[in-house]
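Some notes on the structure that comes next.
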Amino acid sequence: MTSEALLIVPSRAAADARVPLWRSEPYRLLFPLGVLLSWAGVSPWLLFAFGLTEQWLSVFHALAQVQCFLTCMAAGFLFTMIPRRTATQPAAAWEVGLGLVAPLGTAVFAFREHWAASQLFWAAGMATVLQFALRRFGARTAKGRVPASFVWVLLAFAMALIAPVLAGVGAAGGEDRMWLHDVGRNLALQGVLASLVVGVGALIVPHLTRGDAPSEPRRFAHALHLALGLVFAGSFFVEQLFSAPLAHALRAICTGAALIPAARLWRAPSLPGLHRKIAWLAAWALPVGYALVALFPAYRKALLHVVFIGSFGALSLSIALHVALTHAGRGQSLDRRPWAVGAFGGALVLSLLARLLFDFDPPHLRLWLGAGASCFVLATLAWLGLALRSMRVAPDA
């Protein structure tokens, strides 16, 4: 199986022609929605940087970027990829509908600071994707073995359902239980996406970057991934009860031990296309980012953006760009390194650097905050310039 075969089925022969495109390829709706919600997430920083508001909407920013933007990108990919890998039915109308409504509801209620309602919407969306995946991988007609790394995907959805409960119980329990709130918050903002990066990245990155065929699960591979995933989840309790540097070191070890061997990250990209190199570097940024936080805990908030922007954001957009163009039969255009791919990658790097300087140079806070947000918007505009036209046309059009 080639890289392209894993990510796309461009012909209608592989799907029921009676199924509308928005169900067989839900990424066409979810990817653009995710980008729009990312703009909502960075808009408070732009307004603050230009002195148009003094509100510090840090919680809304975090929820919009992780639970809306990145979740839309992940859901769009999983809704599209899983039926192709398992040769099962595409997403139902209600599944796609909830996939679209959940991040919108999360963003609206988070902006209005109705935190419980926002988390109910997010949990409902994640539960929808979870049952979608379980039903198709468990179907009698499903083809192909479940990759060992997909244990992390199941753990991600489990964290998504548990995190709001822990956060709510902690917030309601007074100061003595606020540590539970912090565990739930960090599981939601870090644990879920990091687990998805490991679970999906271990399968996709080798194909995207080198065209490698899926590796068969080795003996005890599922158990090893489960053990690493559970230690990773437990690190969020370690952070609150014992030591933050130790917790981030555990995250670096667990994500690295799971992702690096499974994706064979020591092998550089061999296929042409700048977006493949961006995806490869983004995969490395996950364990490296956590290692940097463990080594320099005083700069935790800044260095975590190596994970958020450098890994979550860059990997999501790179894979989404590949999916959008290959589905439209335009994948070869990425091999020629168009300027927009370089602009997209470069703007993300500048956004990350500006966010780091935000903490390292506090006197110029507004400058770096505005620069980081502006560069992120420019990165997504470059991405849309490449992907949007492809998402508007049918396969083989």
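Chain identifiers are assigned as A, B, and so on, following the order in which chains appear in the structure tokens; residues are numbered from 1 within each chain, and ligands are numbered from 1 in order of appearance.
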
**OP:** Write out as a ChimeraX atom specification each polymer residue whose atoms come within 9 Å of Cys68 in chain A, counting only C-alpha atoms; drop sequence neighbours fewer than 5 positions from it.
**Re:** /A:33-34,37-38,41,63,73,102-104,106-107,122

How about saving the chosen residues, C-alpha atoms kept, as a PDB file, in the first residue's frame?
ATOM      1  CA  LEU A  33     -14.306  25.426   9.744  1.00  0.00           C
ATOM      2  CA  GLY A  34     -11.231  24.624  11.796  1.00  0.00           C
ATOM      3  CA  LEU A  37     -12.232  28.915  14.433  1.00  0.00           C
ATOM      4  CA  SER A  38      -8.456  29.317  14.689  1.00  0.00           C
ATOM      5  CA  GLY A  41      -8.897  31.881  18.797  1.00  0.00           C
ATOM      6  CA  LEU A  63     -10.018  26.285  24.020  1.00  0.00           C
ATOM      7  CA  MET A  73      -8.726  19.077  11.685  1.00  0.00           C
ATOM      8  CA  ALA A 102     -19.728  20.611  18.540  1.00  0.00           C
ATOM      9  CA  PRO A 103     -16.723  22.909  17.883  1.00  0.00           C
ATOM     10  CA  LEU A 104     -19.026  25.829  17.085  1.00  0.00           C
ATOM     11  CA  THR A 106     -17.597  24.962  22.220  1.00  0.00           C
ATOM     12  CA  ALA A 107     -16.329  28.271  20.818  1.00  0.00           C
ATOM     13  CA  TRP A 122     -16.670  19.327  23.111  1.00  0.00           C
TER      14      TRP A 122
END

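Between CA of Leu100 in chain A and CA of Val198 in chain A there is a distance of 24.1 Å.
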
**OP:** Write out as an MDAnalysis selection string which residues come within 8 Å of range 299-309 of chain A when counting only C-alpha atoms, dropping same-chain ones fewer than 3 positions away.
**Re:** chainID A and resid 285:286 289:290 292:293 296 312:314 348 351:352 355:356 358:359

**OP:** Might you pull out every residue within 12 Å of Pro44 in chain A, with only C-alpha atoms counted and same-chain residues fewer than 4 positions away left off, and present them as an NGL selection string?
**Re:** :A and (38-40 or 48-62 or 64-65 or 111 or 366 or 369-370 or 373-374)

Those selected residues, please, written with C-alpha atoms and delivered as a PDB file, in the first residue's frame.
ATOM      1  CA  SER A  38      -8.456  29.317  14.689  1.00  0.00           C
ATOM      2  CA  TRP A  39      -8.920  32.944  13.632  1.00  0.00           C
ATOM      3  CA  ALA A  40     -11.477  33.341  16.405  1.00  0.00           C
ATOM      4  CA  PHE A  48      -5.097  43.296  22.604  1.00  0.00           C
ATOM      5  CA  ALA A  49      -1.895  43.939  20.646  1.00  0.00           C
ATOM      6  CA  PHE A  50      -3.436  46.886  18.801  1.00  0.00           C
ATOM      7  CA  GLY A  51      -4.900  48.335  22.009  1.00  0.00           C
ATOM      8  CA  LEU A  52      -8.511  47.720  20.959  1.00  0.00           C
ATOM      9  CA  THR A  53      -9.285  45.766  24.110  1.00  0.00           C
ATOM     10  CA  GLU A  54      -7.767  45.165  27.518  1.00  0.00           C
ATOM     11  CA  GLN A  55      -9.504  41.820  27.981  1.00  0.00           C
ATOM     12  CA  TRP A  56      -7.145  38.896  28.553  1.00  0.00           C
ATOM     13  CA  LEU A  57      -9.082  35.980  27.047  1.00  0.00           C
ATOM     14  CA  SER A  58      -6.405  33.353  27.564  1.00  0.00           C
ATOM     15  CA  VAL A  59      -8.819  30.524  28.388  1.00  0.00           C
ATOM     16  CA  PHE A  60     -10.963  31.215  25.325  1.00  0.00           C
ATOM     17  CA  HIS A  61      -7.805  31.368  23.191  1.00  0.00           C
ATOM     18  CA  ALA A  62      -6.635  27.969  24.431  1.00  0.00           C
ATOM     19  CA  ALA A  64     -10.623  27.754  20.570  1.00  0.00           C
ATOM     20  CA  GLN A  65      -7.220  26.684  19.292  1.00  0.00           C
ATOM     21  CA  PHE A 111     -16.349  33.058  24.543  1.00  0.00           C
ATOM     22  CA  ARG A 366       2.019  43.545  22.872  1.00  0.00           C
ATOM     23  CA  LEU A 369       1.701  38.847  20.956  1.00  0.00           C
ATOM     24  CA  GLY A 370       0.496  40.705  17.878  1.00  0.00           C
ATOM     25  CA  ALA A 373      -1.023  36.030  16.109  1.00  0.00           C
ATOM     26  CA  SER A 374      -0.499  37.830  12.785  1.00  0.00           C
TER      27      SER A 374
END

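Distance check against Val146 in chain A using only C-alpha atoms: of A:Leu246, A:Ala221, A:Ala163, A:Ala116, the minimum falls on A:Ala221.
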
**OP:** Write out as a list in words each polymer residue whose atoms come within 12 Å of Leu378 in chain A, counting only C-alpha atoms; drop sequence neighbours fewer than 5 positions from it.
**Re:** Val35, Ser38, Trp39, Val42, Ala340, Val341, Gly342, Ala343, Phe344, Gly345, Gly346, Ala347, Leu348, Val349, Leu350, Ser351, Ala371, Gly372, Ala373, Trp383, Leu384 and Gly385 of chain A

How about saving the chosen residues, C-alpha atoms kept, as a short mmCIF file (atom, residue, chain, number, x, y, z; two decimals), in the first residue's frame?
data_model
loop_
_atom_site.label_atom_id
_atom_site.label_comp_id
_atom_site.auth_asym_id
_atom_site.auth_seq_id
_atom_site.Cartn_x
_atom_site.Cartn_y
_atom_site.Cartn_z
CA VAL A 35 -9.26 27.43 10.15
CA SER A 38 -8.46 29.32 14.69
CA TRP A 39 -8.92 32.94 13.63
CA VAL A 42 -6.15 34.37 17.91
CA ALA A 340 2.74 29.11 -0.61
CA VAL A 341 4.02 25.97 1.15
CA GLY A 342 7.18 27.84 2.10
CA ALA A 343 5.10 30.82 3.21
CA PHE A 344 2.87 28.58 5.30
CA GLY A 345 5.82 26.85 7.00
CA GLY A 346 7.83 30.02 7.44
CA ALA A 347 4.90 31.91 8.95
CA LEU A 348 4.37 29.11 11.47
CA VAL A 349 8.04 29.28 12.48
CA LEU A 350 7.80 33.06 12.93
CA SER A 351 4.60 32.64 14.95
CA ALA A 371 3.35 39.40 15.74
CA GLY A 372 2.71 35.80 16.77
CA ALA A 373 -1.02 36.03 16.11
CA TRP A 383 -2.67 27.19 3.60
CA LEU A 384 -6.14 28.20 2.39
CA GLY A 385 -4.65 29.60 -0.80
#

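Using only C-alpha atoms, the smallest distance between any of A:Ala268, A:Ala320, A:Ala291, A:Cys254 and Cys72 in chain A comes from A:Ala320.
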
**OP:** Go through A:Gly229, A:His207, A:Gly170, A:Trp179 and flag the residue nearest Gly191 in chain A, using only C-alpha atoms for the distances.
**Re:** A:Gly229

**OP:** Return as JSON, numbers by chain the full set of residues in range 198-354 of chain A whose backbone-based DSSP assignment is helix (DSSP H, G or I).
**Re:** {"A": [198, 199, 200, 201, 202, 203, 204, 205, 206, 207, 208, 209, 210, 221, 222, 223, 224, 225, 226, 227, 228, 229, 230, 231, 232, 233, 234, 235, 236, 237, 238, 239, 240, 241, 244, 245, 246, 247, 248, 249, 250, 251, 252, 253, 254, 255, 256, 257, 258, 259, 260, 261, 262, 263, 274, 275, 276, 277, 278, 279, 280, 281, 282, 283, 284, 285, 286, 287, 288, 289, 290, 291, 292, 293, 294, 295, 297, 298, 299, 300, 301, 302, 303, 304, 305, 306, 307, 308, 309, 310, 311, 312, 313, 314, 315, 316, 317, 318, 319, 320, 321, 322, 323, 324, 325, 326, 327, 332, 333, 334, 335, 339, 340, 341, 342, 343, 344, 345, 346, 347, 348, 349, 350, 351, 352, 353, 354]}

Save the residues we just selected, C-alpha atoms, as a short mmCIF file (atom, residue, chain, number, x, y, z; two decimals), in the first residue's frame?
data_model
loop_
_atom_site.label_atom_id
_atom_site.label_comp_id
_atom_site.auth_asym_id
_atom_site.auth_seq_id
_atom_site.Cartn_x
_atom_site.Cartn_y
_atom_site.Cartn_z
CA VAL A 198 1.16 9.73 18.39
CA GLY A 199 -1.69 7.45 17.35
CA VAL A 200 -2.29 8.91 13.91
CA GLY A 201 1.23 10.23 13.28
CA ALA A 202 2.83 6.82 13.77
CA LEU A 203 0.71 5.56 10.88
CA ILE A 204 0.62 8.59 8.58
CA VAL A 205 4.05 10.24 8.89
CA PRO A 206 6.04 7.31 7.41
CA HIS A 207 3.66 7.16 4.44
CA LEU A 208 3.51 10.88 3.92
CA THR A 209 7.25 11.46 4.15
CA ARG A 210 8.71 8.29 2.62
CA ALA A 221 3.08 -3.86 20.47
CA HIS A 222 -0.47 -3.03 21.55
CA ALA A 223 0.43 -3.68 25.19
CA LEU A 224 3.54 -1.52 24.92
CA HIS A 225 1.60 1.39 23.42
CA LEU A 226 -1.07 1.00 26.10
CA ALA A 227 1.53 1.07 28.86
CA LEU A 228 3.22 4.16 27.42
CA GLY A 229 -0.14 5.85 26.95
CA LEU A 230 -1.20 5.19 30.53
CA VAL A 231 2.07 6.54 31.90
CA PHE A 232 1.62 9.58 29.68
CA ALA A 233 -1.89 10.13 31.07
CA GLY A 234 -0.63 9.59 34.60
CA SER A 235 1.99 12.32 34.12
CA PHE A 236 -0.76 14.92 34.39
CA PHE A 237 -1.41 13.74 37.96
CA VAL A 238 2.34 13.68 38.62
CA GLU A 239 2.53 17.32 37.53
CA GLN A 240 0.02 18.45 40.14
CA LEU A 241 0.97 16.16 43.01
CA ALA A 244 6.17 19.48 36.92
CA PRO A 245 9.65 18.85 35.40
CA LEU A 246 9.31 15.12 36.09
CA ALA A 247 5.86 15.11 34.51
CA HIS A 248 7.10 16.75 31.32
CA ALA A 249 10.10 14.42 31.21
CA LEU A 250 7.69 11.48 31.37
CA ARG A 251 5.69 12.97 28.50
CA ALA A 252 8.82 13.40 26.42
CA ILE A 253 9.88 9.80 27.10
CA CYS A 254 6.45 8.27 26.46
CA THR A 255 5.66 10.19 23.26
CA GLY A 256 9.20 9.68 21.96
CA ALA A 257 9.27 5.96 22.78
CA ALA A 258 5.91 5.47 21.06
CA LEU A 259 6.25 7.76 18.05
CA ILE A 260 9.93 7.64 17.04
CA PRO A 261 10.20 3.84 16.52
CA ALA A 262 6.68 3.43 15.10
CA ALA A 263 7.15 6.23 12.55
CA LEU A 274 8.21 20.71 1.38
CA HIS A 275 5.02 19.88 3.28
CA ARG A 276 6.43 16.40 3.96
CA LYS A 277 9.49 17.89 5.67
CA ILE A 278 7.24 20.18 7.72
CA ALA A 279 5.24 17.14 8.89
CA TRP A 280 8.43 15.24 9.77
CA LEU A 281 9.80 18.14 11.84
CA ALA A 282 6.41 18.59 13.49
CA ALA A 283 6.44 14.95 14.62
CA TRP A 284 9.85 15.47 16.24
CA ALA A 285 8.59 18.66 17.91
CA LEU A 286 6.26 16.71 20.20
CA PRO A 287 8.85 14.84 22.33
CA VAL A 288 11.41 17.63 21.88
CA GLY A 289 8.97 20.26 23.12
CA TYR A 290 8.18 18.30 26.26
CA ALA A 291 11.88 17.66 26.85
CA LEU A 292 12.58 21.41 26.65
CA VAL A 293 9.90 22.12 29.27
CA ALA A 294 11.43 19.47 31.55
CA LEU A 295 14.87 21.07 31.18
CA PRO A 297 10.56 24.60 33.69
CA ALA A 298 10.70 28.35 34.38
CA TYR A 299 9.68 28.89 30.74
CA ARG A 300 6.95 26.25 30.71
CA LYS A 301 4.22 28.34 29.04
CA ALA A 302 6.50 29.58 26.29
CA LEU A 303 8.14 26.24 25.52
CA LEU A 304 4.84 24.37 25.47
CA HIS A 305 4.15 26.29 22.26
CA VAL A 306 6.83 24.14 20.63
CA VAL A 307 4.24 21.40 21.19
CA PHE A 308 1.15 23.49 20.38
CA ILE A 309 2.36 25.37 17.30
CA GLY A 310 5.41 23.37 16.26
CA SER A 311 3.79 19.94 16.57
CA PHE A 312 -0.02 20.08 16.82
CA GLY A 313 -0.54 22.99 14.44
CA ALA A 314 2.15 22.23 11.88
CA LEU A 315 1.38 18.50 11.67
CA SER A 316 -2.39 19.02 11.43
CA LEU A 317 -2.09 21.59 8.65
CA SER A 318 0.55 19.62 6.72
CA ILE A 319 -1.48 16.42 6.70
CA ALA A 320 -4.68 18.35 5.93
CA LEU A 321 -2.96 20.09 3.00
CA HIS A 322 -1.84 16.73 1.59
CA VAL A 323 -5.32 15.25 1.95
CA ALA A 324 -7.04 18.24 0.31
CA LEU A 325 -4.79 18.35 -2.76
CA THR A 326 -4.44 14.60 -3.32
CA HIS A 327 -8.20 14.12 -3.14
CA GLN A 332 1.90 16.54 -7.62
CA SER A 333 1.67 20.33 -7.35
CA LEU A 334 3.00 20.02 -3.79
CA ASP A 335 6.10 18.19 -5.03
CA TRP A 339 5.92 29.38 -2.66
CA ALA A 340 2.74 29.11 -0.61
CA VAL A 341 4.02 25.97 1.15
CA GLY A 342 7.18 27.84 2.10
CA ALA A 343 5.10 30.82 3.21
CA PHE A 344 2.87 28.58 5.30
CA GLY A 345 5.82 26.85 7.00
CA GLY A 346 7.83 30.02 7.44
CA ALA A 347 4.90 31.91 8.95
CA LEU A 348 4.37 29.11 11.47
CA VAL A 349 8.04 29.28 12.48
CA LEU A 350 7.80 33.06 12.93
CA SER A 351 4.60 32.64 14.95
CA LEU A 352 6.37 30.19 17.27
CA LEU A 353 9.41 32.47 17.66
CA ALA A 354 7.21 35.46 18.46
#

Subject >> Residue nearest Ser270 in chain A - candidates A:Gly97, A:Pro362, A:Gly211, A:Pro32, atoms counted: only C-alpha atoms >> reply: A:Gly211

Original post:
With only C-alpha atoms as the atoms that count, which of A:Val377, A:Met391, A:Val183, A:Val165 lies nearest to Ser43 in chain A?
Top reply: A:Val377

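Here the question is which of A:Ala382, A:Ala167, A:Met126, A:Leu134 gets nearest to Pro83 in chain A using only C-alpha atoms, and that residue is A:Leu134.
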
**OP:** Would you list the contacts of Ala91 in chain A as a ChimeraX atom specification, taking every protein, DNA or RNA residue within 10 Å and counting only C-alpha atoms, but skipping same-chain residues closer than 5 positions in sequence?
**Re:** /A:19,22-26,78-80,82-83,96-97,129,132-133,136

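You will find CA of Phe69 in chain A at 26.2 Å from CA of Thr86 in chain A.
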